[in-house]
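First the structure, in the form of structure tokens, and then the observations on it.
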Protein chains: 2
Amino acid sequence: MEHDTVRALHWTGEALVLLDQRRLPHEIRYEECTSAADVANAIETMIVRGAPAIGIAAAYGAALAARRYADPQMCEAQLQRLAGARPTAVNLHWALQRMRAKLLDGADAEAMAAEACRIHDEDVIANHRMGRLGASYFTARGAVLTHCNTGSLATGGYGTALGVIRAAYADGRVSCVYADETRPWLQGTRLTAWELQQEGIPVRLLADAAAAALLRLADVRWVVVGADRIAANGDVANKIGTYGLALAARAHGVGFMVVAPGSTLDFASANGDAIRIEQRDPEEVLALAGQRLAPAGVDAWNPVFDVTPAELVDVLVTERGTVERPNRERMAALGA
Amino acid sequence: MEHDTVRALHWTGEALVLLDQRRLPHEIRYEECTSAADVANAIETMIVRGAPAIGIAAAYGAALAARRYADPQMCEAQLQRLAGARPTAVNLHWALQRMRAKLLDGADAEAMAAEACRIHDEDVIANHRMGRLGASYFTARGAVLTHCNTGSLATGGYGTALGVIRAAYADGRVSCVYADETRPWLQGTRLTAWELQQEGIPVRLLADAAAAALLRLADVRWVVVGADRIAANGDVANKIGTYGLALAARAHGVGFMVVAPGSTLDFASANGDAIRIEQRDPEEVLALAGQRLAPAGVDAWNPVFDVTPAELVDVLVTERGTVERPNRERMAALGA
């Protein structure tokens with residue numbers, strides 16, 4: 001029982017087919033991208049989201065650019081376009097750097113596509129490895145709390161934090177997955193609840209603000225989240241709300257686990273202060289699904305990510321290994 | 001400049017007119033209650049909400065019962081109906097107890113209405129006093145963060161936590177009010193943003209999960225919230241999300257202030273564990289304004305309140321005086 005059937009990305013050999021995550025859970029619709037511009041647009045509009053999935057999509061986007069443009073400079077312009085689609089996720093830049101290196105090596109369209117597939121395959125393998133590593137910390141059966149969506153929908157498949165939860169569930173160590181609704185984009189409500197339901201894993205939603213009370217009242221053993229970028233000292237940039245969860249977990253002695261592939265590590269950023277935090281359109285907070293919630297003329301503060309200081313992280317899980325209570329020295333062991 | 005024009009309740013002498021808070025901010029519509037059952041229904045359906053406003057509405061409901069039923073036992077049945085409308089708010093029971101005492105004293109319909117008006121007037125006076133007491137803690141100009149709605153819409157007028165913010169703003173000590181959107185019911189987005197906008201006080205909304213990041217990044221001096229019930233040791237039951245805010249405030253050395261009238265104090269509850277926490281319909285989390293967000297078949301955990309331990313409260317403000325770092329001994333000074 002792998003509890004793993006959902007896929008966000010599919011490469012046909014000629015196009016990248018994306019499950020349109022804006023339409024979930026009500027509609028299962030696929031979007032076909034035949035150019036790098038299509039892929040950049042899909043990333044910007046969040047047809048595809050989740051740091052690892054964005055990186056994989058961008059790699060396929062680079063392959064599509066190589067198919068369309070023989071001229072390396074035209075290709076590079078497309079890579080730039082892809083790089084600008086989301087600023088915080090470091091996997092995007094990591095994947096594009098790998099594709100760029102191939103391009104500079106003189107790879108043809110076919111070799112570029114093969115490299116993108118390799119990036120995709122390696123992500124799934126890394127997720128399975130992280131799943132096993134993370135699940136080994138689940139020593140007793142209990143509930144788990146997660147935030148945003150870090151599953152097959154956010155990755156090449158299986159998931160990061162949700163991959164650990166999948167693996168621990170398969171081991172019989174997870175009684176229930178509590179999922180934060182994750183305002184403003186409601187990844188928890190729309191994506192995580194849907195994905196877990198597809199896989200037959202019991203899930204219960206809650207308002208983000210209810211998380212601290214949940215840790216006080218329920219038998220939650222672990223808070224497990226993903227990451228969009230991890231600094232050299234172990235500070236973690238992840239979906240807005242992660243930091244508050246980490247504070248609440250520490251206050252209750254509940255373990256706080258961050259699960260992210262090595263491509264998320266950013267040793268060039270000394271700590272979280274060096275990470276640029278993306279702000280998105282205030283309308284995401286002021287409205288929902290096209291319906292205006294706030295009075296006209298009122299503004300919102302809408303950062304997409306926050307930074308959780310390394311000292312609040314109990315375990316960082318990567319496919320390169322795990323780091324308990326990360327700091328600069330322990331993080332160095334994960335260096336490429 | 002009182003910045004105080006909005007009113008949630010209006011007594012005509014024959015009916016209670018309520019501003020329908022379910023329709024704000026898009027529609028200004030009033031609901032007329034001519035019976036206790038009308039008022040109980042208005043409380044249950046959240047046409048009127050906010051612990052003090054619920055208490056005042058219930059008092060007027062009791063006055064309407066006295067007008068309709070000469071028989072004290074018929075009247076008492078109506079009081080019971082009102083008491084069952086919302087379980088957590090203690091003001092409701094406090095107000096009904098006052099009305100019941102009048103009834104047992106043989107008060108006629110006119111005397112009952114006069115008592116309800118007195119409860120209403122006393123609430124506004126208490127709020128002004130709390131506003132002055134609380135604002136005296138604002139020693140430097142800066143931003144403030146609040147949760148839910150605790151303003152004129154939640155009280156007889158002026159507000160509790162929002163009354164303190166009104167007073168501090170009038171003193172020139174508030175640069176901006178950050179308001180949590182307050183899922184699932186979005187009191188921040190729909191009510192607090194609207195009320196502050198009406199009063200010309202600068203307001204900016206944020207997703208609840210962004211609060212911890214805000215305290216890390218912005219110049220927030222105080223987190224100011226109301227309360228639905230305060231136990232004998234100073235533990236505070238308030239809108240879900242308050243506890244997480246208190247944890248984040250303490251982590252950042254930001255002051256955490258609770259503002260509530262004496263009628264919120266419940267010396268019969270030794271501590272927060274004794275407070276019954278109301279659960280509301282999971283649909284509040286799973287849907288929004290009739291629009292389904294979550295996949296069918298997925299459940300939600302939807303507690304309306306959480307309990308903030310007294311040790312996280314820096315200042316408790318009541319009209320009877322303030323208590324810093326409340327505990328059982330210091331709280332006793334507020335005893336009726």
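Residues in the structure tokens are numbered from 1 in each chain, the chains being A, B, ... in the order shown, and ligands are numbered from 1 in the order shown.
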* To do: Determine, counting only C-alpha atoms, which protein, DNA and RNA residues have an atom within 10 Å of an atom of Gly335 (chain B); residues of the same chain fewer than 2 positions away are not included. Present the result as a list in words.
  =>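 Near Gly335 (chain B), the qualifying residues are Ala232, Gly262, Leu265, Asp266, Phe267, Arg320, Arg330, Met331, Ala332 and Ala333 of chain B.
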Report the closest atom pair, with its distance in Å rounded to one decimal, for each residue of chain B that has an atom no farther than 7 Å from chain A; count only C-alpha atoms, sort by chain and then rising residue number, and write it as CSV.
residue,atom,partner,partner_atom,distance
B:Pro25,CA,A:Pro295,CA,5.6
B:His26,CA,A:Pro295,CA,6.9
B:Arg183,CA,A:Ala207,CA,6.2
B:Pro184,CA,A:Ala207,CA,6.4
B:Thr189,CA,A:Ala294,CA,5.0
B:Arg190,CA,A:Ala294,CA,5.4
B:Ala193,CA,A:Val298,CA,7.0
B:Trp194,CA,A:Pro295,CA,6.0
B:Arg204,CA,A:Ala300,CA,5.1
B:Leu205,CA,A:Ala300,CA,4.3
B:Leu206,CA,A:Trp301,CA,5.2
B:Ala207,CA,A:Arg183,CA,6.2
B:Asp208,CA,A:Ala209,CA,5.9
B:Ala209,CA,A:Gly241,CA,4.1
B:Ala210,CA,A:Gly241,CA,5.5
B:Ala212,CA,A:Gly244,CA,5.3
B:Ala213,CA,A:Asp306,CA,5.8
B:Ile240,CA,A:Ala210,CA,5.7
B:Gly241,CA,A:Ala209,CA,4.1
B:Tyr243,CA,A:Ala212,CA,6.5
B:Gly244,CA,A:Ala212,CA,5.3
B:Leu247,CA,A:Ala248,CA,6.9
B:Ala248,CA,A:Gly244,CA,6.7
B:Val285,CA,A:Ala207,CA,6.5
B:Leu293,CA,A:Arg190,CA,6.4
B:Ala294,CA,A:Thr189,CA,5.0
B:Pro295,CA,A:Pro25,CA,5.6
B:Val298,CA,A:Arg204,CA,6.6
B:Asp299,CA,A:Arg204,CA,5.3
B:Ala300,CA,A:Leu205,CA,4.4
B:Trp301,CA,A:Leu206,CA,5.2
B:Asn302,CA,A:Leu206,CA,6.3
B:Asp306,CA,A:Ala213,CA,5.9
* **Distance criterion (only C-alpha atoms): nearest to Ile201 (chain B) out of B:Ala154, B:Asp4, B:Arg132, B:Ala101** => B:Asp4
* Would you list, as a list in words, the residues of region 261-293 of chain A that end up in helix (DSSP H, G or I) under DSSP run on this structure's backbone? => Gly262, Ser263, Thr264, Gly272, Asp273, Ala274, Glu283, Glu284, Val285 and Leu286 of chain A
* Asked: What are the DSSP strand (DSSP E) residues of region 77-207 of chain A, as an NGL selection string?
  -> :A and (142-146 or 174-180 or 203-206)
* Counting only C-alpha atoms, what is within 12 Å of Gln97 (chain B), bar same-chain residues fewer than 3 positions away, as a PyMOL selection string? -> chain B and resi 55-56+58-59+62+76+79-80+82-83+90-94+100-104+115-116+119+263
* Excluding same-chain residues fewer than 2 positions from Ala274 (chain A), what lies within 12 Å of it counting only C-alpha atoms, as a PyMOL selection string? -> chain A and resi 88+229-233+235-237+266-272+276-277+307
* Ile54 (chain B) environment, 12 Å, only C-alpha atoms, sequence neighbours closer than 3 positions dropped, as a PyMOL selection string -> chain B and resi 8-9+18+39-51+57-61+82-96+119-120+123+153-156+228+263-264
* Structure fact -> In Å and to one decimal, CA of Ala53 (chain B) is distant from CA of Asp121 (chain B) by 11.7 Å
* Take CA of Arg81 (chain B) and CA of Ala36 (chain B) and report the distance between them in Å, one decimal. =>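 CA of Ala36 (chain B) lies at a distance of 8.0 Å from CA of Arg81 (chain B).
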* Compare A:Asn149, A:Asn327, A:Ser175, A:Thr318 by their minimum atom-to-atom distance to Ala126 (chain A), counting only C-alpha atoms, and give me the closest one. =>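 Residue with the minimum atom-to-atom distance to Ala126 (chain A): A:Thr318.
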* Write out as a list in words each polymer residue whose atoms come within 6 Å of Ala260 (chain B), counting only C-alpha atoms; drop sequence neighbours fewer than 4 positions from it. =>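 Within the cut-off, the hits are Thr160, Gly226, Ala227 and Thr318 of chain B.
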Could you turn the residues from that selection into a file that holds N, CA, C and O atoms, as a compact mmCIF listing (two decimals), in the first residue's frame?
# COMPACT_ATOMS: atom_id res chain seq x y z
N THR B 160 -14.30 46.97 23.29
CA THR B 160 -13.38 46.57 24.37
C THR B 160 -11.94 46.73 23.85
O THR B 160 -11.35 47.80 23.99
N GLY B 226 -10.06 40.87 22.83
CA GLY B 226 -11.15 40.81 23.80
C GLY B 226 -11.16 39.47 24.51
O GLY B 226 -10.16 38.73 24.50
N ALA B 227 -12.29 39.15 25.14
CA ALA B 227 -12.44 37.85 25.80
C ALA B 227 -13.91 37.49 25.86
O ALA B 227 -14.77 38.37 25.94
N THR B 318 -10.06 45.70 32.67
CA THR B 318 -11.51 45.70 32.86
C THR B 318 -11.89 47.09 33.36
O THR B 318 -11.01 47.89 33.71
